[in-house]
Amino acid sequence: MSINLALIGKVYPITSPYEVGREKIREFATAIGDFNPAFHDVAAAQALGYRDLIAPPTFAILVTFRAASIAMFDPELGVDYSRVVHGEQRFTYARPIIVGDRLAVVTTIENLRVAAGNDMVTTRAEVFAHDGELVVTAWSVTVARGPAGEQS
Amino acid sequence: MTASITWADVEVGTVLPELTVQLRRVDLVKYAGASGDFNPIHWNESFAVAVGLPDIIAHGMLTMASAGRIVTDWAVDPGAVLEYGVRFTRPVVVPNDDDGATLQITAVVGEKRDDGTVRVDITAKCLDATVLGKAQAVVRLA
């Protein structure tokens with residue numbers, strides 16, 4: 001099986017909004033062992049100039065992972081999802097995610113290639129607030145290991 | 001932690017306070033729940049072995065989040081991170097014991113830009129082997 005290179009540039013429909021909750025930010029920050037007050041204490045976040053808690057930088061994966069999965073599961077793409085690993089992740093931020101954000105994601109297949117028997121899928125996920133403001137852009141490289149591609 | 005790092009204080013080569021992070025099996029379960037990433041390679045040993053891994057491995061995103069903390073702990077405003085990216089070069093194997101995996105996180109200022117930002121180059125090691133490649137964050141300092 002191999003990936004369908006014709007899908008480079010395919011754009012998926014915008015996702016329904018994900019509403020960022022205060023307790024979800026606290027839960028996520030706790031799960032990554034991060035007790036920075038800006039992620040837990042509203043007064044501390046406000047002292048930095050934010051109206052409410054902000055989210056740790058990698059919180060964005062909550063919304064972009066789901067959106068990128070839609071692309072990865074696209075039957076036209078032909079990826080063996082049982083053999084995928086995360087190869088690379090990059091975010092650029094226009095501002096931090098904050099409590100109350102309603103975030104919707106547009107995912108684009110930015111690149112597809114085959115290297116050493118593995119399928120490499122690069123997705124770009126643009127995360128928009130409800131007013132259309134771009135908040136975060138996330139690039140993910142997912143690697144589907146080929147059956148022969150044994151590696152250390 | 002110093003109270004306020006400013007752009008003026010920092011030079012290329014400035015070393016950030018280092019960080020040690022323990023990742024145990026329970027931390028992976030917590031991260032799975034909080035993130036919604038329930039891939040069994042992060043909690044089911046027989047599944048992990050069946051797909052060719054030595055044992056359960058940490059979520060790459062949990063390693064990325066742990067390593068990024070060296071920057072957000074250091075910057076006065078953790079919301080001032082403008083970019084953060086990593087390559088997942090080696091899996092972090094998490095044994096089923098009290099210690100789990102230990103990540104040693106170090107970082108150094110790699111570039112100082114005229115716009116008030118700096119690029120921080122991060123190194124994350126587990127058992128003396130680097131687990132992230134090209135781990136870099138750009139952060140705005142006061």
# chains A, B, ... in the order shown; residues from 1 in each chain; ligands from 1

call {"tool": "residues_around", "arguments": {"residues": "region 95-106 of chain A", "least_positions_apart": "4", "cutoff": "7 Å", "atoms": "only C-alpha atoms", "output": "PyMOL selection string"}}
result
(chain A and resi 12-22+52-55+64+67+125-130+135) or (chain B and resi 79)

call {"tool": "residues_around", "arguments": {"residues": "Phe59 (chain A)", "least_positions_apart": "6", "cutoff": "9 Å", "atoms": "only C-alpha atoms", "output": "ChimeraX atom specification"}}
result
/A:25,28-29,97 /B:35,65

call {"tool": "write_last_selection", "arguments": {"atoms": "all heavy atoms", "output": "JSON list (two decimals), in the first residue's frame"}}
result
[["chain", "number", "residue", "atom", "x", "y", "z"],
["A", 25, "ILE", "N", -7.99, 23.52, 31.08],
["A", 25, "ILE", "CA", -6.60, 24.02, 31.08],
["A", 25, "ILE", "C", -5.88, 23.54, 32.32],
["A", 25, "ILE", "O", -4.74, 23.05, 32.24],
["A", 25, "ILE", "CB", -6.58, 25.57, 30.99],
["A", 25, "ILE", "CG1", -6.99, 26.02, 29.58],
["A", 25, "ILE", "CG2", -5.19, 26.12, 31.36],
["A", 25, "ILE", "CD1", -6.98, 27.52, 29.37],
["A", 28, "PHE", "N", -5.11, 19.78, 31.94],
["A", 28, "PHE", "CA", -4.03, 19.53, 30.98],
["A", 28, "PHE", "C", -2.68, 19.94, 31.56],
["A", 28, "PHE", "O", -1.71, 19.19, 31.47],
["A", 28, "PHE", "CB", -4.32, 20.27, 29.67],
["A", 28, "PHE", "CG", -3.29, 20.01, 28.60],
["A", 28, "PHE", "CD1", -3.40, 18.89, 27.77],
["A", 28, "PHE", "CD2", -2.20, 20.85, 28.42],
["A", 28, "PHE", "CE1", -2.44, 18.62, 26.80],
["A", 28, "PHE", "CE2", -1.25, 20.59, 27.45],
["A", 28, "PHE", "CZ", -1.36, 19.48, 26.63],
["A", 29, "ALA", "N", -2.63, 21.12, 32.17],
["A", 29, "ALA", "CA", -1.37, 21.60, 32.75],
["A", 29, "ALA", "C", -0.89, 20.65, 33.84],
["A", 29, "ALA", "O", 0.30, 20.32, 33.92],
["A", 29, "ALA", "CB", -1.55, 23.02, 33.29],
["A", 97, "ILE", "N", -3.65, 30.56, 23.75],
["A", 97, "ILE", "CA", -5.05, 30.13, 23.90],
["A", 97, "ILE", "C", -5.51, 30.53, 25.30],
["A", 97, "ILE", "O", -4.75, 30.43, 26.26],
["A", 97, "ILE", "CB", -5.15, 28.61, 23.66],
["A", 97, "ILE", "CG1", -4.87, 28.30, 22.18],
["A", 97, "ILE", "CG2", -6.50, 28.07, 24.10],
["A", 97, "ILE", "CD1", -4.75, 26.81, 21.88],
["B", 35, "SER", "N", -5.38, 14.61, 27.20],
["B", 35, "SER", "CA", -5.16, 15.02, 25.81],
["B", 35, "SER", "C", -6.13, 14.35, 24.84],
["B", 35, "SER", "O", -6.33, 14.83, 23.74],
["B", 35, "SER", "CB", -3.73, 14.67, 25.38],
["B", 35, "SER", "OG", -3.58, 13.26, 25.30],
["B", 65, "ALA", "N", 5.87, 18.70, 25.74],
["B", 65, "ALA", "CA", 5.33, 19.59, 26.76],
["B", 65, "ALA", "C", 6.29, 19.73, 27.94],
["B", 65, "ALA", "O", 6.52, 20.83, 28.46],
["B", 65, "ALA", "CB", 3.97, 19.08, 27.25]]

call {"tool": "residues_around", "arguments": {"residues": "Arg83 (chain A)", "least_positions_apart": "2", "cutoff": "7 Å", "atoms": "only C-alpha atoms", "output": "list in words"}}
result
Asp80, Tyr81, Val85, Ala144 and Arg145 of chain A

call {"tool": "write_last_selection", "arguments": {"atoms": "all heavy atoms", "output": "mmCIF file, in the first residue's frame"}}
result
data_model
loop_
_atom_site.group_PDB
_atom_site.id
_atom_site.type_symbol
_atom_site.label_atom_id
_atom_site.label_comp_id
_atom_site.auth_asym_id
_atom_site.auth_seq_id
_atom_site.Cartn_x
_atom_site.Cartn_y
_atom_site.Cartn_z
ATOM 1 N N ASP A 80 -1.767 3.524 6.692
ATOM 2 C CA ASP A 80 -2.025 2.442 7.648
ATOM 3 C C ASP A 80 -1.905 3.034 9.056
ATOM 4 O O ASP A 80 -0.809 3.175 9.602
ATOM 5 C CB ASP A 80 -1.014 1.311 7.444
ATOM 6 C CG ASP A 80 -1.223 0.173 8.435
ATOM 7 O OD1 ASP A 80 -2.136 0.267 9.292
ATOM 8 O OD2 ASP A 80 -0.468 -0.798 8.358
ATOM 9 N N TYR A 81 -3.056 3.375 9.632
ATOM 10 C CA TYR A 81 -3.042 4.125 10.889
ATOM 11 C C TYR A 81 -2.510 3.296 12.062
ATOM 12 O O TYR A 81 -2.105 3.827 13.079
ATOM 13 C CB TYR A 81 -4.448 4.661 11.200
ATOM 14 C CG TYR A 81 -4.421 5.796 12.185
ATOM 15 C CD1 TYR A 81 -3.999 7.062 11.775
ATOM 16 C CD2 TYR A 81 -4.782 5.617 13.511
ATOM 17 C CE1 TYR A 81 -3.939 8.121 12.668
ATOM 18 C CE2 TYR A 81 -4.718 6.667 14.414
ATOM 19 C CZ TYR A 81 -4.302 7.911 13.987
ATOM 20 O OH TYR A 81 -4.237 8.951 14.876
ATOM 21 N N VAL A 85 3.577 6.845 13.801
ATOM 22 C CA VAL A 85 4.231 7.510 14.924
ATOM 23 C C VAL A 85 4.349 9.002 14.591
ATOM 24 O O VAL A 85 4.316 9.393 13.427
ATOM 25 C CB VAL A 85 5.638 6.945 15.246
ATOM 26 C CG1 VAL A 85 5.543 5.534 15.769
ATOM 27 C CG2 VAL A 85 6.538 7.011 14.023
ATOM 28 N N ALA A 144 4.042 6.834 8.863
ATOM 29 C CA ALA A 144 3.472 5.483 8.885
ATOM 30 C C ALA A 144 4.592 4.541 8.490
ATOM 31 O O ALA A 144 5.075 4.567 7.350
ATOM 32 C CB ALA A 144 2.293 5.372 7.932
ATOM 33 N N ARG A 145 5.052 3.763 9.435
ATOM 34 C CA ARG A 145 6.182 2.870 9.189
ATOM 35 C C ARG A 145 5.778 1.773 8.222
ATOM 36 O O ARG A 145 4.787 1.083 8.445
ATOM 37 C CB ARG A 145 6.675 2.253 10.504
ATOM 38 C CG ARG A 145 7.272 3.288 11.469
ATOM 39 C CD ARG A 145 7.614 2.667 12.790
ATOM 40 N NE ARG A 145 6.425 2.115 13.448
ATOM 41 C CZ ARG A 145 6.466 1.130 14.326
ATOM 42 N NH1 ARG A 145 7.596 0.572 14.641
ATOM 43 N NH2 ARG A 145 5.352 0.706 14.882
#

call {"tool": "residues_around", "arguments": {"residues": "Ile32 (chain A)", "least_positions_apart": "2", "cutoff": "12 Å", "atoms": "only C-alpha atoms", "output": "PDB file with C-alpha atoms, in the first residue's frame"}}
result
ATOM      1  CA  ILE A  25      -6.603  24.025  31.075  1.00  0.00           C
ATOM      2  CA  ARG A  26      -5.884  23.150  34.723  1.00  0.00           C
ATOM      3  CA  GLU A  27      -6.321  19.424  34.023  1.00  0.00           C
ATOM      4  CA  PHE A  28      -4.033  19.529  30.978  1.00  0.00           C
ATOM      5  CA  ALA A  29      -1.370  21.604  32.746  1.00  0.00           C
ATOM      6  CA  THR A  30      -1.455  19.196  35.700  1.00  0.00           C
ATOM      7  CA  ASP A  34       3.228  22.166  34.754  1.00  0.00           C
ATOM      8  CA  PHE A  35       2.187  24.249  37.740  1.00  0.00           C
ATOM      9  CA  ASN A  36       2.980  27.661  36.291  1.00  0.00           C
ATOM     10  CA  PHE A  39      -2.212  28.058  33.851  1.00  0.00           C
ATOM     11  CA  ALA A  55      -3.118  27.472  28.194  1.00  0.00           C
ATOM     12  CA  PRO A  56       0.362  25.898  28.037  1.00  0.00           C
ATOM     13  CA  PRO A  57       1.818  26.100  24.504  1.00  0.00           C
ATOM     14  CA  THR A  58       1.212  22.444  23.632  1.00  0.00           C
ATOM     15  CA  PHE A  59      -2.475  22.615  24.669  1.00  0.00           C
TER      16      PHE A  59
ATOM     17  CA  VAL B  21      11.251  15.415  34.674  1.00  0.00           C
ATOM     18  CA  GLN B  22      10.127  11.949  35.767  1.00  0.00           C
ATOM     19  CA  LEU B  23       7.604  10.241  33.506  1.00  0.00           C
ATOM     20  CA  ARG B  24       5.957   7.222  35.081  1.00  0.00           C
ATOM     21  CA  VAL B  26       0.630   6.858  35.687  1.00  0.00           C
ATOM     22  CA  ASP B  27       1.769  10.108  34.063  1.00  0.00           C
ATOM     23  CA  LEU B  28       1.163   8.593  30.637  1.00  0.00           C
ATOM     24  CA  VAL B  29      -2.324   7.515  31.686  1.00  0.00           C
ATOM     25  CA  LYS B  30      -3.053  11.021  32.986  1.00  0.00           C
ATOM     26  CA  TYR B  31      -1.765  12.558  29.774  1.00  0.00           C
ATOM     27  CA  ALA B  32      -3.849  10.167  27.678  1.00  0.00           C
ATOM     28  CA  GLY B  33      -6.945  11.245  29.556  1.00  0.00           C
ATOM     29  CA  ALA B  34      -6.185  14.953  29.478  1.00  0.00           C
ATOM     30  CA  SER B  35      -5.161  15.022  25.812  1.00  0.00           C
ATOM     31  CA  ALA B  58       5.709   8.180  26.327  1.00  0.00           C
ATOM     32  CA  HIS B  59       3.492  10.329  24.118  1.00  0.00           C
ATOM     33  CA  GLY B  60       5.792  12.479  22.005  1.00  0.00           C
ATOM     34  CA  MET B  61       3.600  15.415  22.924  1.00  0.00           C
ATOM     35  CA  LEU B  62       4.149  14.743  26.635  1.00  0.00           C
ATOM     36  CA  THR B  63       7.911  14.840  26.084  1.00  0.00           C
ATOM     37  CA  MET B  64       7.480  18.021  24.040  1.00  0.00           C
ATOM     38  CA  ALA B  65       5.328  19.593  26.761  1.00  0.00           C
ATOM     39  CA  SER B  66       7.823  18.604  29.474  1.00  0.00           C
ATOM     40  CA  ALA B  67      10.756  20.031  27.532  1.00  0.00           C
ATOM     41  CA  GLY B  68       8.907  23.250  26.755  1.00  0.00           C
ATOM     42  CA  ARG B  69       8.517  23.924  30.438  1.00  0.00           C
TER      43      ARG B  69
END

call {"tool": "closest_residue", "arguments": {"among": "B:Ala80, B:Ala101, B:Val94, B:Val71", "to": "Ala135 (chain B)", "atoms": "only C-alpha atoms"}}
result
B:Val71

call {"tool": "residues_around", "arguments": {"residues": "Val92 (chain B)", "least_positions_apart": "2", "cutoff": "10 Å", "atoms": "only C-alpha atoms", "output": "PyMOL selection string"}}
result
chain B and resi 23+55-60+63+88-90+94-95+100-103+125-127+129-132

call {"tool": "write_last_selection", "arguments": {"atoms": "N, CA and C atoms", "output": "tab-separated table (two decimals), in the first residue's frame"}}
result
chain	number	residue	atom	x	y	z
B	23	LEU	N	8.84	10.69	34.15
B	23	LEU	CA	7.60	10.24	33.51
B	23	LEU	C	7.37	8.79	33.89
B	55	ASP	N	8.91	-1.49	24.65
B	55	ASP	CA	8.02	-1.43	25.82
B	55	ASP	C	7.07	-0.25	25.56
B	56	ILE	N	6.30	0.10	26.57
B	56	ILE	CA	5.46	1.29	26.46
B	56	ILE	C	6.34	2.53	26.29
B	57	ILE	N	5.91	3.43	25.41
B	57	ILE	CA	6.67	4.67	25.24
B	57	ILE	C	5.78	5.87	25.59
B	58	ALA	N	6.44	6.95	25.99
B	58	ALA	CA	5.71	8.18	26.33
B	58	ALA	C	5.13	8.81	25.06
B	59	HIS	N	4.02	9.52	25.22
B	59	HIS	CA	3.49	10.33	24.12
B	59	HIS	C	4.58	11.34	23.72
B	60	GLY	N	4.85	11.45	22.43
B	60	GLY	CA	5.79	12.48	22.01
B	60	GLY	C	5.38	13.85	22.51
B	63	THR	N	6.49	14.47	26.05
B	63	THR	CA	7.91	14.84	26.08
B	63	THR	C	8.09	16.29	25.62
B	88	PHE	N	10.71	14.27	16.87
B	88	PHE	CA	10.74	13.14	17.81
B	88	PHE	C	11.72	12.11	17.25
B	89	THR	N	12.94	12.15	17.78
B	89	THR	CA	14.00	11.36	17.16
B	89	THR	C	14.18	9.99	17.79
B	90	ARG	N	13.76	9.84	19.05
B	90	ARG	CA	13.96	8.55	19.71
B	90	ARG	C	12.84	8.38	20.74
B	94	VAL	N	9.19	3.87	28.87
B	94	VAL	CA	8.80	4.08	30.27
B	94	VAL	C	8.59	2.73	30.94
B	95	PRO	N	9.59	2.28	31.72
B	95	PRO	CA	9.45	0.97	32.38
B	95	PRO	C	8.39	1.01	33.48
B	100	GLY	N	10.09	5.15	36.46
B	100	GLY	CA	9.72	5.42	35.08
B	100	GLY	C	10.92	5.88	34.28
B	101	ALA	N	10.70	6.88	33.42
B	101	ALA	CA	11.78	7.44	32.61
B	101	ALA	C	12.15	8.81	33.18
B	102	THR	N	13.44	9.14	33.10
B	102	THR	CA	13.91	10.44	33.56
B	102	THR	C	14.36	11.26	32.36
B	103	LEU	N	13.77	12.44	32.22
B	103	LEU	CA	14.19	13.36	31.17
B	103	LEU	C	15.07	14.44	31.78
B	125	LYS	N	17.22	14.73	27.08
B	125	LYS	CA	17.90	13.44	27.07
B	125	LYS	C	17.20	12.47	28.01
B	126	CYS	N	17.22	11.21	27.59
B	126	CYS	CA	16.74	10.13	28.44
B	126	CYS	C	17.81	9.05	28.37
B	127	LEU	N	18.32	8.60	29.50
B	127	LEU	CA	19.41	7.62	29.54
B	127	LEU	C	20.57	8.08	28.66
B	129	ALA	N	20.74	9.71	26.03
B	129	ALA	CA	20.53	9.81	24.58
B	129	ALA	C	19.50	10.92	24.31
B	130	THR	N	19.76	11.73	23.29
B	130	THR	CA	18.80	12.79	22.98
B	130	THR	C	17.53	12.17	22.41
B	131	VAL	N	16.41	12.69	22.82
B	131	VAL	CA	15.12	12.15	22.37
B	131	VAL	C	14.37	13.14	21.49
B	132	LEU	N	14.81	14.40	21.47
B	132	LEU	CA	14.19	15.40	20.59
B	132	LEU	C	15.28	15.98	19.69

call {"tool": "select_by_dssp", "arguments": {"residues": "region 83-131 of chain B", "states": "strand (DSSP E or B)", "output": "ChimeraX atom specification"}}
result
/B:83-88,93,101-112,117-126,129-130

call {"tool": "closest_residue", "arguments": {"among": "B:Trp43, B:Trp7, B:Trp74, B:Phe38", "to": "Thr106 (chain B)", "atoms": "only C-alpha atoms"}}
result
B:Trp74
